[in-house]
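**Q** Hey, dropping data33.txt in here, compact mmCIF, C-alpha atoms and all ligand atoms:
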```txt
# COMPACT_ATOMS: atom_id res chain seq x y z
CA MET A 1 0.00 0.00 0.00
CA THR A 2 1.35 3.40 -0.93
CA GLN A 3 1.69 6.12 1.61
CA LEU A 4 -1.08 8.03 -0.15
CA ASN A 5 -3.44 5.07 0.20
CA GLN A 6 -2.51 4.70 3.85
CA LEU A 7 -3.15 8.37 4.42
CA GLN A 8 -6.51 8.15 2.71
CA GLU A 9 -7.49 5.21 4.87
CA LEU A 10 -6.43 7.08 7.95
CA MET A 11 -8.47 10.09 6.87
CA ARG A 12 -11.54 7.93 6.35
CA THR A 13 -11.11 6.49 9.83
CA LEU A 14 -10.98 10.04 11.15
CA ARG A 15 -14.08 10.83 9.08
CA PHE A 16 -12.33 13.17 6.67
CA VAL A 17 -14.14 11.26 3.98
CA GLU A 18 -14.59 14.01 1.40
CA THR A 19 -10.99 15.14 1.59
CA SER A 20 -9.67 11.58 1.43
CA ASN A 21 -11.50 11.12 -1.89
CA HIS A 22 -9.77 14.15 -3.38
CA LEU A 23 -6.47 13.98 -1.56
CA ALA A 24 -4.29 13.29 -4.59
CA GLU A 25 -5.57 16.42 -6.36
CA LEU A 26 -5.20 18.56 -3.26
CA ILE A 27 -1.59 17.45 -2.79
CA LYS A 28 -0.80 18.02 -6.46
CA GLN A 29 -2.24 21.48 -6.32
CA ALA A 30 -0.21 22.42 -3.24
CA GLU A 31 2.97 21.10 -4.83
CA LYS A 32 2.31 22.94 -8.06
CA ASN A 33 1.69 26.21 -6.25
CA ASP A 34 4.55 25.72 -3.81
CA HIS A 35 2.24 26.21 -0.84
CA SER A 36 3.54 26.42 2.70
CA TYR A 37 2.66 23.67 5.20
CA THR A 38 0.31 26.05 6.93
CA LYS A 39 -1.46 26.98 3.72
CA PHE A 40 -1.70 23.32 2.71
CA LEU A 41 -3.20 22.29 6.03
CA PHE A 42 -5.57 25.22 5.90
CA ASP A 43 -6.76 24.26 2.40
CA ILE A 44 -7.32 20.67 3.50
CA MET A 45 -9.41 21.72 6.48
CA GLN A 46 -11.36 24.21 4.45
CA TYR A 47 -12.03 21.65 1.75
CA GLU A 48 -13.47 19.23 4.28
CA GLN A 49 -15.57 21.91 5.92
CA LYS A 50 -16.98 23.13 2.59
CA SER A 51 -17.77 19.60 1.46
CA ARG A 52 -19.56 18.89 4.69
CA GLU A 53 -21.59 22.06 4.39
CA GLU A 54 -22.56 21.15 0.83
CA LYS A 55 -23.62 17.69 1.90
CA GLN A 56 -25.63 19.12 4.76
CA PHE A 57 -27.30 21.53 2.38
CA GLU A 58 -28.19 18.73 -0.04
CA LYS A 59 -29.57 16.62 2.81
CA ARG A 60 -31.65 19.45 4.19
CA LEU A 61 -32.92 20.35 0.77
CA LYS A 62 -34.02 16.74 0.27
CA TRP A 63 -35.71 16.58 3.66
CA ALA A 64 -37.52 19.85 3.06
CA THR A 65 -39.47 18.25 0.18
CA PHE A 66 -40.14 21.42 -1.79
CA PRO A 67 -42.53 20.75 -4.67
CA ASP A 68 -40.46 23.04 -6.93
CA TYR A 69 -37.13 24.82 -6.82
CA LYS A 70 -38.23 28.48 -6.64
CA THR A 71 -35.77 31.07 -5.41
CA LEU A 72 -36.25 34.52 -3.93
CA GLU A 73 -34.04 35.86 -6.72
CA ALA A 74 -36.52 34.52 -9.26
CA PHE A 75 -39.39 36.25 -7.47
CA ASP A 76 -40.09 39.35 -9.54
CA ILE A 77 -41.10 42.09 -7.13
CA LYS A 78 -42.40 44.26 -9.96
CA GLU A 79 -45.07 41.62 -10.54
CA GLN A 80 -46.20 41.84 -6.94
CA GLN A 81 -47.25 45.41 -6.16
CA SER A 82 -48.48 44.61 -2.66
CA LEU A 83 -44.96 43.85 -1.44
CA SER A 84 -42.18 46.41 -1.50
CA LYS A 85 -38.57 45.64 -2.33
CA LYS A 86 -37.70 46.62 1.22
CA GLN A 87 -40.24 44.22 2.70
CA LEU A 88 -38.97 41.43 0.49
CA ASN A 89 -35.41 42.12 1.64
CA GLN A 90 -36.53 42.12 5.26
CA LEU A 91 -38.20 38.77 4.80
CA GLY A 92 -35.10 37.52 3.00
CA ASP A 93 -32.76 38.46 5.84
CA LEU A 94 -34.52 35.78 7.92
CA THR A 95 -34.12 37.46 11.31
CA TRP A 96 -37.80 36.65 11.85
CA ILE A 97 -36.84 32.98 12.10
CA ASP A 98 -34.52 33.69 15.03
CA GLN A 99 -37.25 35.79 16.61
CA LEU A 100 -39.73 32.91 16.16
CA TYR A 101 -42.07 34.99 14.08
CA ASN A 102 -44.70 33.26 11.97
CA LEU A 103 -45.67 34.42 8.52
CA VAL A 104 -49.11 34.18 7.01
CA LEU A 105 -49.17 34.71 3.24
CA LEU A 106 -52.67 35.42 2.02
CA GLY A 107 -54.11 36.02 -1.41
CA PRO A 108 -55.97 34.50 -4.33
CA PRO A 109 -54.50 31.67 -6.42
CA GLY A 110 -51.51 32.38 -8.65
CA VAL A 111 -50.13 35.50 -6.91
CA GLY A 112 -46.91 33.85 -5.75
CA LYS A 113 -47.64 32.66 -2.19
CA THR A 114 -46.09 29.26 -2.70
CA HIS A 115 -43.17 30.70 -4.69
CA LEU A 116 -42.36 33.16 -1.92
CA ALA A 117 -42.67 30.50 0.77
CA ILE A 118 -40.33 28.12 -1.09
CA GLY A 119 -37.88 30.95 -1.84
CA LEU A 120 -37.67 31.84 1.85
CA GLY A 121 -37.32 28.16 2.73
CA ILE A 122 -34.44 27.60 0.32
CA LYS A 123 -32.66 30.71 1.56
CA ALA A 124 -33.13 29.47 5.13
CA ILE A 125 -31.56 26.12 4.24
CA TYR A 126 -28.59 27.94 2.70
CA GLU A 127 -28.16 29.78 5.97
CA GLY A 128 -28.15 26.54 7.91
CA TYR A 129 -31.73 26.36 9.17
CA LYS A 130 -33.75 23.16 9.09
CA VAL A 131 -36.85 23.57 6.97
CA ILE A 132 -39.81 21.36 6.11
CA PHE A 133 -42.37 22.12 3.44
CA THR A 134 -45.71 20.35 3.54
CA SER A 135 -49.10 20.70 2.00
CA MET A 136 -52.02 20.65 4.40
CA GLY A 137 -53.22 17.37 2.91
CA ASP A 138 -49.87 15.64 3.42
CA LEU A 139 -49.59 17.01 6.92
CA VAL A 140 -52.97 15.70 7.99
CA HIS A 141 -52.15 12.34 6.43
CA ALA A 142 -48.84 12.18 8.31
CA LEU A 143 -50.54 13.11 11.60
CA LYS A 144 -53.19 10.42 11.18
CA THR A 145 -50.67 7.73 10.34
CA GLU A 146 -47.92 8.75 12.74
CA GLU A 147 -48.40 5.67 14.94
CA ILE A 148 -48.81 3.36 11.97
CA THR A 149 -46.04 4.12 9.53
CA ARG A 150 -42.40 4.83 10.16
CA LYS A 151 -42.36 7.23 7.23
CA SER A 152 -44.97 9.49 8.85
CA LYS A 153 -43.24 9.26 12.20
CA THR A 154 -39.88 10.27 10.71
CA ARG A 155 -41.46 13.11 8.80
CA LEU A 156 -43.24 14.50 11.83
CA ASN A 157 -40.12 14.17 13.95
CA ARG A 158 -38.24 16.21 11.37
CA MET A 159 -41.02 18.79 11.47
CA ARG A 160 -40.89 19.05 15.24
CA ASP A 161 -37.14 19.47 15.02
CA ALA A 162 -37.22 22.05 12.20
CA ASP A 163 -36.57 25.77 12.55
CA LEU A 164 -39.11 26.59 9.89
CA ILE A 165 -42.23 24.73 8.82
CA ILE A 166 -44.05 25.82 5.71
CA ILE A 167 -47.65 24.67 5.53
CA ASP A 168 -48.94 25.36 2.06
CA ASP A 169 -52.58 25.89 1.20
CA LEU A 170 -53.92 25.85 4.70
CA MET A 171 -57.60 25.11 4.93
CA PHE A 172 -57.75 23.96 1.39
CA MET A 173 -59.54 21.01 2.86
CA ALA A 174 -62.13 20.79 5.57
CA MET A 175 -60.95 18.88 8.62
CA ASP A 176 -62.89 16.62 10.93
CA GLN A 177 -62.67 16.88 14.72
CA GLN A 178 -59.87 14.31 15.08
CA GLU A 179 -57.81 15.98 12.36
CA ALA A 180 -58.31 19.43 13.84
CA ASN A 181 -57.18 18.08 17.23
CA LEU A 182 -54.04 16.52 15.82
CA PHE A 183 -53.28 19.73 13.96
CA PHE A 184 -53.73 21.77 17.11
CA HIS A 185 -51.29 19.55 19.02
CA LEU A 186 -48.68 19.95 16.31
CA ILE A 187 -49.04 23.74 16.27
CA ASN A 188 -48.80 23.69 20.04
CA ASP A 189 -45.57 21.67 19.86
CA LEU A 190 -44.10 24.06 17.30
CA HIS A 191 -45.21 27.21 19.07
CA ASP A 192 -42.29 29.02 20.71
CA ARG A 193 -39.77 26.65 19.13
CA SER A 194 -40.01 27.21 15.40
CA SER A 195 -41.36 29.60 12.83
CA ILE A 196 -44.37 28.64 10.79
CA VAL A 197 -45.15 29.97 7.33
CA LEU A 198 -48.75 29.45 6.30
CA THR A 199 -50.16 30.18 2.88
CA SER A 200 -53.88 30.40 2.32
CA ASN A 201 -56.39 31.82 -0.07
CA LYS A 202 -58.83 32.26 2.80
CA ALA A 203 -58.70 34.99 5.43
CA PRO A 204 -58.06 33.75 8.99
CA LYS A 205 -61.62 34.64 10.01
CA GLU A 206 -62.84 32.01 7.56
CA TRP A 207 -60.54 29.32 8.92
CA GLY A 208 -63.00 28.47 11.67
CA GLU A 209 -65.58 27.15 9.27
CA LEU A 210 -63.11 24.76 7.76
CA LEU A 211 -61.71 23.54 11.04
CA GLY A 212 -65.23 22.96 12.25
CA ASP A 213 -64.56 23.50 15.94
CA PRO A 214 -64.46 27.18 17.03
CA ALA A 215 -62.59 26.42 20.28
CA ILE A 216 -59.80 24.57 18.47
CA THR A 217 -59.64 27.27 15.80
CA THR A 218 -59.24 29.97 18.44
CA ALA A 219 -56.55 27.97 20.21
CA ILE A 220 -54.64 27.45 16.96
CA LEU A 221 -54.99 31.08 15.89
CA ASP A 222 -53.86 32.30 19.32
CA ARG A 223 -50.59 30.47 18.93
CA ILE A 224 -50.05 31.48 15.34
CA VAL A 225 -50.83 35.18 15.75
CA HIS A 226 -48.87 35.50 19.00
CA ARG A 227 -45.93 36.68 16.88
CA VAL A 228 -46.99 37.02 13.30
CA GLU A 229 -46.53 39.04 10.17
CA ILE A 230 -49.52 38.84 7.86
CA ILE A 231 -48.78 39.57 4.24
CA HIS A 232 -51.53 40.15 1.72
CA LEU A 233 -50.48 39.38 -1.80
CA ASN A 234 -52.87 40.41 -4.47
CA GLY A 235 -53.10 41.35 -8.07
CA ASP A 236 -53.76 39.15 -11.02
CA SER A 237 -52.64 35.60 -11.19
CA TYR A 238 -49.07 35.47 -12.47
CA ARG A 239 -49.95 32.21 -14.19
CA MET A 240 -52.83 33.82 -16.07
CA LYS A 241 -50.85 36.91 -17.02
CA HIS A 242 -47.95 34.89 -18.33
CA ARG A 243 -49.84 31.98 -19.77
CA LYS A 244 -48.40 30.54 -22.90
CA ASN A 245 -50.59 30.42 -25.96
CA ILE A 246 -50.62 27.46 -28.32
CA PHE A 247 -47.88 29.04 -30.43
CA GLY A 248 -45.54 28.89 -27.45
CA GLN A 249 -45.37 32.65 -26.99
CA GLU A 250 -46.16 34.42 -23.78
CA SER A 251 -49.34 36.40 -23.95
CA VAL A 252 -49.05 39.15 -21.41
CA THR A 253 -52.57 40.29 -20.71
CA ASN A 254 -53.35 42.86 -18.10
P1 LIG A 301 -49.98 30.77 -5.32
O1 LIG A 301 -49.29 29.86 -4.39
O2 LIG A 301 -50.25 32.12 -4.75
O3 LIG A 301 -51.23 30.17 -5.93
P2 LIG A 301 -47.63 30.36 -6.95
O4 LIG A 301 -46.57 30.75 -5.99
O5 LIG A 301 -47.83 28.90 -7.15
O6 LIG A 301 -49.02 31.06 -6.57
O7 LIG A 301 -47.35 31.09 -8.34
C1 LIG A 301 -47.86 30.61 -9.57
C2 LIG A 301 -46.77 30.63 -10.61
O8 LIG A 301 -46.42 31.97 -10.92
C3 LIG A 301 -45.48 29.95 -10.15
O9 LIG A 301 -44.88 29.32 -11.25
C4 LIG A 301 -44.64 31.11 -9.67
O10 LIG A 301 -43.25 30.83 -9.79
C5 LIG A 301 -45.05 32.23 -10.57
N1 LIG A 301 -45.04 33.54 -9.90
C6 LIG A 301 -45.98 34.09 -9.14
N2 LIG A 301 -45.64 35.32 -8.70
C7 LIG A 301 -44.41 35.54 -9.20
C8 LIG A 301 -43.50 36.65 -9.12
N3 LIG A 301 -43.79 37.77 -8.42
N4 LIG A 301 -42.30 36.53 -9.77
C9 LIG A 301 -42.02 35.43 -10.47
N5 LIG A 301 -42.82 34.35 -10.59
C10 LIG A 301 -44.01 34.40 -9.97
MG MG A 302 -49.86 27.97 -3.79
```
Kindly return the structure encoded in the file as structure tokens.
**A**
Amino acid sequence: MTQLNQLQELMRTLRFVETSNHLAELIKQAEKNDHSYTKFLFDIMQYEQKSREEKQFEKRLKWATFPDYKTLEAFDIKEQQSLSKKQLNQLGDLTWIDQLYNLVLLGPPGVGKTHLAIGLGIKAIYEGYKVIFTSMGDLVHALKTEEITRKSKTRLNRMRDADLIIIDDLMFMAMDQQEANLFFHLINDLHDRSSIVLTSNKAPKEWGELLGDPAITTAILDRIVHRVEIIHLNGDSYRMKHRKNIFGQESVTN
């Protein structure tokens, strides 16, 4: 076994896995550039740290289960008159996550609620936060099957451990009493520990009807609005404005 192979094995034992896989290149580079021992060691450490961060990011991105990859950069503020550039930047700086603020994004279909929520979620993952995205339907399913399937249990555990939970299309579906109860308990667990982003095309005062039980609705709302920023997005549906016609051209209709 060559010394390089021995070194790689040693590095794997010490869990410098990423660096061990690229050690030959790293050594070659240092030799070519005549780097000092200090610089070489520094580069090695930095390489491992960067690789680990990238892996963490990939893992968190996978766990988050975003339905699409939509970034804040791709969110065109000129298309969304109800939000200023300054507000968007404030949301994007993510201090509200540290302050355990919730966000409620309201507005009719197609105005960019889900896009904005995903964009904030992806940014948060980049900054090292743990994020989970879920539709209301999937969430209720997971809650009802938590004791039955390992998949649901794992998913809910990740949610309880996350810094940010995005619940998309809240109240899209009517819930029965058991579902509303399970939902309340989850919100109660998350309250004061993580930020929640909710999107909905219904105003909070209408949520009660869909949850069925006014007492549970009040209890849920209390926890959500304790620290909340409510953002009304409006305007025309971006989808409708930018719909493609059959000739493949965008027809911008206002
Ligand atoms: P909502 O969740 O409010 O129904 P979406 O976020 O799903 O709307 O937006 C519908 C489509 O329009 C998505 O493809 C989204 O990326 C796009 N979209 C909406 N608003 C904007 C915007 N301001 N800038 C860029 N794309 C947008
Ligand atoms: Mg949506």
**Q** Which one is closest to Glu146 of chain A: A:Leu182, A:Leu91, A:Ile165, A:Ala174? Count all atoms listed in the file.
**A** A:Leu182
**Q** Could you give me, as a PyMOL selection string, every polymer residue with an atom at most 7 Å away from an atom of ligand MG 302 (chain A), counting only C-alpha atoms and all ligand atoms?
**A** chain A and resi 109-110+112-114+168-169
**Q** For ligand LIG 301 (chain A), return the neighbouring residues as a PyMOL selection string (distance at most 10 Å; all atoms listed in the file).
**A** chain A and resi 68-81+83+105-119+168-169+199-201+233-243
**Q** Thr19 of chain A: which residues within 9 Å, counting all atoms listed in the file, same-chain residues fewer than 5 positions away excluded, as number ranges by chain?
**A** A: 8, 11-12, 26, 44-45, 47-48, 51
**Q** I'd like a table as CSV: residues in segment 57-144 of chain A with an atom no more than 9 Å from segment 183-189 of chain A, each row giving the shortest atom pair and its distance in Å to one decimal, only C-alpha atoms counted, sorted by chain and rising residue number.
**A**
```
residue,atom,partner,partner_atom,distance
A:Leu139,CA,A:Phe183,CA,8.4
A:Val140,CA,A:Phe183,CA,7.2
A:Leu143,CA,A:Phe183,CA,7.5
```
**Q** Given the choices A:Asn89, A:Ser195, A:Glu18, A:Ile230, which gets closest to Glu53 of chain A if the distance is worked out from all atoms listed in the file?
**A**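 Result for the nearest residue to Glu53 of chain A: A:Glu18.
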**Q** Give the answer as one residue: which of A:Ala64, A:Val197, A:Ile27, A:Ile220 has the shortest atom-to-atom distance to Val131 of chain A, using all atoms listed in the file?
**A**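 Distance minimum relative to Val131 of chain A lands on A:Ala64.
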**Q** A:Lys50, A:Asn181, A:Asp138, A:Glu127: which is nearest Lys151 of chain A, counting all atoms listed in the file?
**A** A:Asp138
**Q** Using all atoms listed in the file, which residues sit within 12 Å of segment 211-213 of chain A once same-chain residues fewer than 4 positions away are excluded, as an NGL selection string?
**A** :A and (170-184 or 204-207 or 217-221)
**Q** In terms of the shortest atom-to-atom distance over only C-alpha atoms, which of A:Leu190, A:Arg52, A:Ile231, A:Ala124 is closest to Leu156 of chain A?
**A** A:Leu190
